[in-house]
Amino acid sequence: MTQTEISFKGRKRPLETALKAAFFLSSVIAIAATVGIVLSMLFETIRFFEHVSLSEFLFGLKWSPQTAIRADQVGSSGAFGAVPLITGTLLISAIAMVVAAPIGLISAIYLAEYASNRVRGIIKPMLEILAGIPTVVYGFFAALVVAPFLRMTGGQLGLEVASESALAAGLVMGVMIIPLISSLSDDALNAVPNALREASLGLGATKAETIKKVIVPAAIPGISGGFLLAASAAIGETMIVVMAAGLAANLTANPLEAVTTITAQIVALLTGDQEFDSAKTLSAFALGLLLFITTLFLNVIAMRIVNKYREQYD
Amino acid sequence: MTEFLISANKPLRRRHASETRFKWMGRIAIAASLGFLVVMLVSILTLGIGAFSRTEIALAVDLGDGDASSKKIVRNALFTSFPEVTSRAERRQLLRLPSADASRELDRQLAENPDLAGQVATLWFTASDDIDQLIKGAIDTDKPQDQRRISDQELAWVTQLQDLGQIRKVFNTGFFTSGDSREPELAGILSALMGSILSLTVCFVLSFPLGIMAAIYLEEFAKKGRWSDFIEVNINNLAAVPSIVFGLLGLSIFLGYFGMPRSSPLVGGLVLALMTLPTIIIAGRSALRGVPPSIREAALGMGATQVQTTLHHVLPLALPGMLTGAIVGMARALGETAPLLMIGMVAFIVDIPTKITDAATSLPVQIFLWADSPERAFLEKTSAAIIVLITLLVAMNLVAIILRKKFERRF
Amino acid sequence: MSKPPIITARDVNVFYGQKQALNGITLDIPRNKVTSLIGPSGCGKTTFLRSINRMNDLVDICRVTGEIKIEGKDIYDKDVDVVELRAHVGMVFQKPNPFPKSIYDNVIYGPKIHGQIKSKADAQEIVEQSLRRAGLWDEVKDRLHESGTGLSGGQQQRLCIARAIAVSPAVILMDEPASALDPIATAVIEELIDELRKKYTIIIVTHSMQQAARVSQRTAFFHMGDLVESGATKELFTSPQDERTQNYISGRIG
Ligand SMILES: Nc1ncnc2c1ncn2[C@@H]1O[C@H](COP(=O)(O)OP(=O)(O)OP(=O)(O)O)[C@@H](O)[C@H]1O
Ligand SMILES: [Mg+2]
């Protein structure tokens, strides 16, 4: 009789080890991408600042990269003050938020608190369609329909509306980010425990009072996180502004005038012929880095807030 | 206590009125968003539907002289149709009734039908874009002559042709079978469509396996801790980085550093893959999380290794969910424009790209390019291209929905 | 001389969709007394309680037939406003659920929405009164503007009671108000309930027979949607009429 031998020593499994390494490496790609983004823009940006000083870029009030107007400045082929681009970006994003924040939040409230399951099941996917439409389509519609419409209506009211007004781009961009705000607000409202709803209703509050005084205040962190993400999306949005906002670097807060944005300028600078070393081309990367840092900052804060809020009610 | 519980008192009525107002605000907010959506889609649909048909003019061509060039044959056919036209200027106008491509159309028809040689035959030719727009009613003939693209003379010719039954509208196959063109009546979306297909293929081939492997690592193998948190934060941030920034990455690294071919679907696909990766990883992780732990325990309990458990038991159950996420990600990549502009996929592409290293555009970039063209006819093309793009997106999302329905959690 | 009951329920049936949860309940709730509802889990105590202030309206599939009158007025009548009803019939829930607001704002919330506040002094007065009645005043008077969620479980539950009595309801419904609390906090709540009875009518759902015996004067025993028997608490516990009651209080069912 032979005795079966039992061994607890594991076999070597080289294939499995290789697979595990592959799994690990794939997850590192996400980090590599981030590093790639930062490095790619950082090098070009550093070279840009060999031509133009940081303070001129950040505080200069004039942006005209095409024309050599200040021949006295060494290596310069134009003016690279990004302030008009920053204010233009902020103006259009602000208009978008003014449109999207109330509409998105109120829609979310209606869907989360009033609508029946059936209605919610129909409306929510329809709002999501808005998010699925490519931005180039929004841009086309903004330039073709919304801008002329605003110009015409403005004209009837005796207002001078530029044909590429900040208002047109901002309005359409606002519609684009409505689903972002409404879906994140919806999540935030749904995370508010039912016990709070019942407590308020049990005291004889109406539904609207309950929503306004208890539920929305309790969901504010989640909602504001959503607002920040939406603002970040608006700041980074490109096609709508390229097609509807134009390239006039005006320093103005008037929504009826034409302004330009960081993203629209990047596209303008980098499409068409480029000489790789010119300050003009390099400035696009400096703008890109500025854009990346701004949106990253907003995203990180937003995600922090949202996560913290989630933990609170878990 | 006679009035007890009865809602007649005034402050209460005010409170209920405010409730009703609040509810209506919600309805109006939703209606505003959806109204915008409907107006946008309907106006694009009405603008674009025309591009799916094309106007043709019938000309009696004399193919008797075998040596005459096609161009000359078409010219002569026009001149014989309108013998009263003699001045040079008017004749030049007359030549602009059919599209600039008419001679090549004649060659094609002859090649298809060699019997025609030596005869006088009535053949159909694509009309120029202005005539096409006129027939489709897009030109306001009530305006004075100098404010429209069609002269009174041309108007008279067209009316004459119409009366003789020499004008017809046919389905515009060319829109789907040709590349871009400077002549709106000849421009098609095939080159852009192929560009999109090639880029998306590259994007899928890269991002799907990578995304799934990353999701498997994070969900099944990574120890929860600083490192996996760091990766997670990274992925979430990447998902929210503006798309144009990915374009800058592609321009400076893939084109600038690695010297890959500009304007190529290869680079486009690479950039789109980086953008899509976070979506796929996030969808993949939630699909893996949906697989109940009991299945893992059953496999591990039988002595399967963790890799075996994952590949044999967990992954097959999670795959439909992962695929759904990937399709949604692909749909988003299909609509992406800005990063492709950065890497030069914004050229005028007539030839249909066949390799991932050929110069190409994509469908949304084609829309962007056409939207910039001044001709009224390109407006129609732009809208039609949008219709095609949205149809594709709807189809992809439907597939995703059906897939999700079909493989809905059965455990 | 006995006063008329404040609440009279006649043949109350409650359905959740097809499923009937209460079968023809007929019960009188006496004024200024504590009535406890006892019975095994799932027998319909909560359902009955929530049909008294129509919190059941929040459940789409829920349907109520029969009649529940408060002060002679059928609360399911068309002209009854639930908002008004709930101002008169307050509710305290199983788990303390203070709003994530300050203690002060928690208490003043109800009076504010019902427009019971004319001046700032009014508000101060109501807050202090309610917190005193809920036996919480001394513990929180120096931190009225700190968040109500920062209190201990027992304090939170008393805050919820203060919040309920701030609107001066006639009836207070309590659904297992002490089940999430430790024995000491429970004792405090029980004392409080006995105190509150002077001013309010209280209906309390409880799983603890000792608690029912300690705090209530009347008890109703529910079993699988039926009201098996009801009467003075002492009698029901010492000489139950029905076998099911007997079994339940001796611990054989539930
Ligand atoms: N929202 C609801 N939808 C469907 N059925 C419900 C709902 N609420 C309660 N029920 C059912 O009604 C019956 C009575 O439930 P109820 O909550 O009133 O019991 P209970 O006596 O309070 O139990 P417990 O002591 O466990 O709290 C149960 O069978 C329950 O399943
Ligand atoms: Mg209960």
# chains A, B, ... in the order shown; residues from 1 in each chain; ligands from 1
>>> interface_residues(of="chain A", to="chain B", cutoff="6 Å", atoms="only C-alpha atoms", output="PDB file with N, CA and C atoms, in the first residue's frame")
ATOM      1  N   PHE A  23      -2.119  43.233 -15.531  1.00  0.00           N
ATOM      2  CA  PHE A  23      -3.236  43.934 -14.880  1.00  0.00           C
ATOM      3  C   PHE A  23      -2.732  45.192 -14.180  1.00  0.00           C
ATOM      4  N   PHE A  24      -1.633  44.996 -13.462  1.00  0.00           N
ATOM      5  CA  PHE A  24      -1.094  46.116 -12.704  1.00  0.00           C
ATOM      6  C   PHE A  24      -0.667  47.249 -13.638  1.00  0.00           C
ATOM      7  N   SER A  26      -1.625  47.933 -16.593  1.00  0.00           N
ATOM      8  CA  SER A  26      -2.745  48.628 -17.236  1.00  0.00           C
ATOM      9  C   SER A  26      -3.290  49.719 -16.335  1.00  0.00           C
ATOM     10  N   SER A  27      -3.334  49.423 -15.043  1.00  0.00           N
ATOM     11  CA  SER A  27      -3.892  50.435 -14.149  1.00  0.00           C
ATOM     12  C   SER A  27      -2.955  51.626 -14.017  1.00  0.00           C
ATOM     13  N   ALA A  30      -3.316  54.955 -16.398  1.00  0.00           N
ATOM     14  CA  ALA A  30      -4.076  56.151 -16.030  1.00  0.00           C
ATOM     15  C   ALA A  30      -3.132  57.208 -15.468  1.00  0.00           C
ATOM     16  N   ILE A  37       0.205  64.181 -19.813  1.00  0.00           N
ATOM     17  CA  ILE A  37      -0.467  65.466 -20.036  1.00  0.00           C
ATOM     18  C   ILE A  37       0.354  66.594 -19.436  1.00  0.00           C
ATOM     19  N   SER A  40       3.814  66.975 -21.288  1.00  0.00           N
ATOM     20  CA  SER A  40       3.727  67.477 -22.657  1.00  0.00           C
ATOM     21  C   SER A  40       3.500  68.973 -22.650  1.00  0.00           C
ATOM     22  N   ILE A 103     -32.084  75.616 -13.837  1.00  0.00           N
ATOM     23  CA  ILE A 103     -32.882  74.649 -14.607  1.00  0.00           C
ATOM     24  C   ILE A 103     -32.508  73.231 -14.202  1.00  0.00           C
ATOM     25  N   ILE A 106     -33.700  72.526 -10.469  1.00  0.00           N
ATOM     26  CA  ILE A 106     -35.154  72.420 -10.330  1.00  0.00           C
ATOM     27  C   ILE A 106     -35.674  71.174 -11.042  1.00  0.00           C
ATOM     28  N   SER A 107     -35.091  70.858 -12.193  1.00  0.00           N
ATOM     29  CA  SER A 107     -35.495  69.624 -12.873  1.00  0.00           C
ATOM     30  C   SER A 107     -35.213  68.422 -11.982  1.00  0.00           C
ATOM     31  N   TYR A 110     -37.720  68.177  -9.227  1.00  0.00           N
ATOM     32  CA  TYR A 110     -39.015  67.662  -9.693  1.00  0.00           C
ATOM     33  C   TYR A 110     -38.933  66.160  -9.922  1.00  0.00           C
ATOM     34  N   PRO A 134     -23.151  65.370 -29.480  1.00  0.00           N
ATOM     35  CA  PRO A 134     -21.786  65.891 -29.617  1.00  0.00           C
ATOM     36  C   PRO A 134     -21.773  67.414 -29.583  1.00  0.00           C
ATOM     37  N   ALA A 208     -43.321  71.039  -0.661  1.00  0.00           N
ATOM     38  CA  ALA A 208     -42.417  72.091  -1.135  1.00  0.00           C
ATOM     39  C   ALA A 208     -41.597  72.644   0.019  1.00  0.00           C
ATOM     40  N   GLY A 236     -13.825  74.076 -19.873  1.00  0.00           N
ATOM     41  CA  GLY A 236     -13.027  73.282 -20.806  1.00  0.00           C
ATOM     42  C   GLY A 236     -13.705  73.026 -22.134  1.00  0.00           C
TER      43      GLY A 236
END
>>> residues_near_ligand(ligand="ligand 2", cutoff="8 Å", atoms="only C-alpha atoms and all ligand atoms", output="MDAnalysis selection string")
chainID C and resid 41:42 44:47 175:176 205
>>> residues_around(residues="Pro240 of chain C", least_positions_apart="6", cutoff="9 Å", atoms="only C-alpha atoms", output="list of chain:residue names")
C:Glu229, C:Gln246, C:Ile249
>>> residues_near_ligand(ligand="ligand 1", cutoff="12 Å", atoms="only C-alpha atoms and all ligand atoms", output="NGL selection string")
:C and (13-23 or 37-51 or 55-63 or 93-95 or 174-177 or 179 or 204-208 or 220-227 or 254)
>>> select_by_dssp(residues="segment 53-237 of chain A", states="helix (DSSP H, G or I)", output="JSON, numbers by chain")
{"A": [54, 55, 56, 57, 58, 59, 83, 84, 85, 86, 87, 88, 89, 90, 91, 92, 93, 94, 95, 96, 97, 98, 99, 100, 101, 102, 103, 104, 105, 106, 107, 108, 109, 110, 111, 112, 113, 114, 117, 118, 119, 120, 121, 122, 123, 124, 125, 126, 127, 128, 129, 130, 131, 132, 135, 136, 137, 138, 139, 140, 141, 142, 143, 144, 145, 146, 147, 148, 149, 150, 151, 152, 153, 154, 155, 156, 166, 167, 168, 169, 170, 171, 172, 173, 174, 175, 176, 177, 178, 179, 180, 181, 182, 183, 184, 185, 186, 187, 188, 189, 190, 191, 194, 195, 196, 197, 198, 199, 200, 201, 202, 207, 208, 209, 210, 211, 212, 213, 214, 215, 216, 217, 218, 219, 220, 221, 222, 223, 224, 225, 226, 227, 228, 229, 230, 231, 232, 233, 234, 235, 236]}
>>> closest_atom_pairs(of="segment 15-125 of chain C", to="segment 129-135 of chain C", cutoff="10 Å", atoms="only C-alpha atoms", output="Markdown table")
| residue | atom | partner | partner_atom | distance |
| --- | --- | --- | --- | --- |
| C:Ile103 | CA | C:Leu131 | CA | 9.6 |
| C:Tyr104 | CA | C:Leu131 | CA | 9.4 |
| C:Val107 | CA | C:Ser130 | CA | 7.5 |
| C:Ile108 | CA | C:Ser130 | CA | 9.4 |
| C:Ala123 | CA | C:Gln129 | CA | 9.8 |
| C:Gln124 | CA | C:Gln129 | CA | 8.5 |
| C:Glu125 | CA | C:Gln129 | CA | 6.0 |
>>> atom_distance(atom1="atom CA of Phe171 of chain B", atom2="atom CA of Phe52 of chain B")
6.0 Å
>>> closest_residue(among="B:Asp163, B:Asp65, B:Asp142, B:Glu219", to="Arg289 of chain B", atoms="only C-alpha atoms")
B:Glu219
>>> closest_residue(among="C:Thr8, C:Asn32, C:Thr149, C:Thr238", to="chain A", atoms="only C-alpha atoms")
C:Thr149
>>> closest_atom_pairs(of="chain C", to="chain B", cutoff="6 Å", atoms="only C-alpha atoms", output="CSV")
residue,atom,partner,partner_atom,distance
C:Asp79,CA,B:Ile6,CA,5.8
C:Val80,CA,B:Ile6,CA,5.0
C:Asp81,CA,B:Ser7,CA,5.1
C:Glu84,CA,B:Leu5,CA,5.6
C:Leu85,CA,B:Leu5,CA,5.6
>>> interface_residues(of="chain A", to="chain C", cutoff="7 Å", atoms="only C-alpha atoms", output="ChimeraX atom specification")
/A:195-196,199,202-206,214,218
>>> select_by_dssp(residues="segment 162-204 of chain C", states="strand (DSSP E or B)", output="PyMOL selection string")
chain C and resi 171-175+201-204
>>> residues_around(residues="segment 149-155 of chain A", least_positions_apart="5", cutoff="12 Å", atoms="only C-alpha atoms", output="list in words")
Phe141, Ala142, Ala143, Leu144, Glu160, Val161, Ala162, Ser163, Glu164, Ser165, Ala166, Leu167, Ala168, Ala169, Gly170, Leu171, Val172, Pro255, Leu256, Glu257 and Ala258 of chain A
>>> residues_around(residues="Glu185 of chain B", least_positions_apart="3", cutoff="8 Å", atoms="only C-alpha atoms", output="short mmCIF file (atom, residue, chain, number, x, y, z; two decimals) with all heavy atoms, in the first residue's frame")
data_model
loop_
_atom_site.label_atom_id
_atom_site.label_comp_id
_atom_site.auth_asym_id
_atom_site.auth_seq_id
_atom_site.Cartn_x
_atom_site.Cartn_y
_atom_site.Cartn_z
N ARG B 54 -31.00 64.46 -54.51
CA ARG B 54 -30.09 65.18 -55.39
C ARG B 54 -30.87 65.51 -56.65
O ARG B 54 -31.71 64.71 -57.10
CB ARG B 54 -28.93 64.24 -55.69
CG ARG B 54 -27.92 64.71 -56.67
CD ARG B 54 -26.74 63.73 -56.61
NE ARG B 54 -27.20 62.37 -56.87
CZ ARG B 54 -26.86 61.68 -57.97
NH1 ARG B 54 -26.08 62.19 -58.86
NH2 ARG B 54 -27.30 60.45 -58.15
N SER B 99 -23.36 69.94 -62.69
CA SER B 99 -22.23 70.07 -61.78
C SER B 99 -20.93 70.03 -62.56
O SER B 99 -20.88 69.59 -63.71
CB SER B 99 -22.24 68.93 -60.76
OG SER B 99 -21.32 67.95 -61.14
N THR B 126 -25.94 65.15 -62.62
CA THR B 126 -26.14 65.88 -61.37
C THR B 126 -26.17 67.38 -61.64
O THR B 126 -25.31 67.89 -62.36
CB THR B 126 -25.00 65.58 -60.39
OG1 THR B 126 -24.93 64.18 -60.20
CG2 THR B 126 -25.21 66.27 -59.06
N ALA B 127 -27.16 68.05 -61.07
CA ALA B 127 -27.24 69.50 -61.25
C ALA B 127 -26.27 70.19 -60.31
O ALA B 127 -25.84 69.63 -59.30
CB ALA B 127 -28.66 69.97 -60.96
N SER B 128 -25.90 71.41 -60.65
CA SER B 128 -25.01 72.17 -59.77
C SER B 128 -25.74 72.50 -58.46
O SER B 128 -26.96 72.43 -58.38
CB SER B 128 -24.55 73.46 -60.45
OG SER B 128 -25.63 74.37 -60.43
N ASP B 129 -24.97 72.85 -57.46
CA ASP B 129 -25.59 73.04 -56.13
C ASP B 129 -26.64 74.13 -56.12
O ASP B 129 -27.66 74.02 -55.45
CB ASP B 129 -24.52 73.30 -55.06
CG ASP B 129 -23.71 74.55 -55.37
OD1 ASP B 129 -23.39 74.76 -56.55
OD2 ASP B 129 -23.39 75.29 -54.42
N ASP B 132 -29.75 72.78 -57.58
CA ASP B 132 -30.26 71.82 -56.61
C ASP B 132 -31.02 72.53 -55.49
O ASP B 132 -32.14 72.17 -55.15
CB ASP B 132 -29.06 71.05 -56.04
CG ASP B 132 -29.47 69.97 -55.08
OD1 ASP B 132 -30.27 69.11 -55.48
OD2 ASP B 132 -28.98 69.99 -53.93
N ALA B 377 -25.62 75.23 -49.90
CA ALA B 377 -25.73 73.79 -50.06
C ALA B 377 -24.95 73.04 -48.98
O ALA B 377 -25.31 71.94 -48.59
CB ALA B 377 -25.25 73.37 -51.44
#
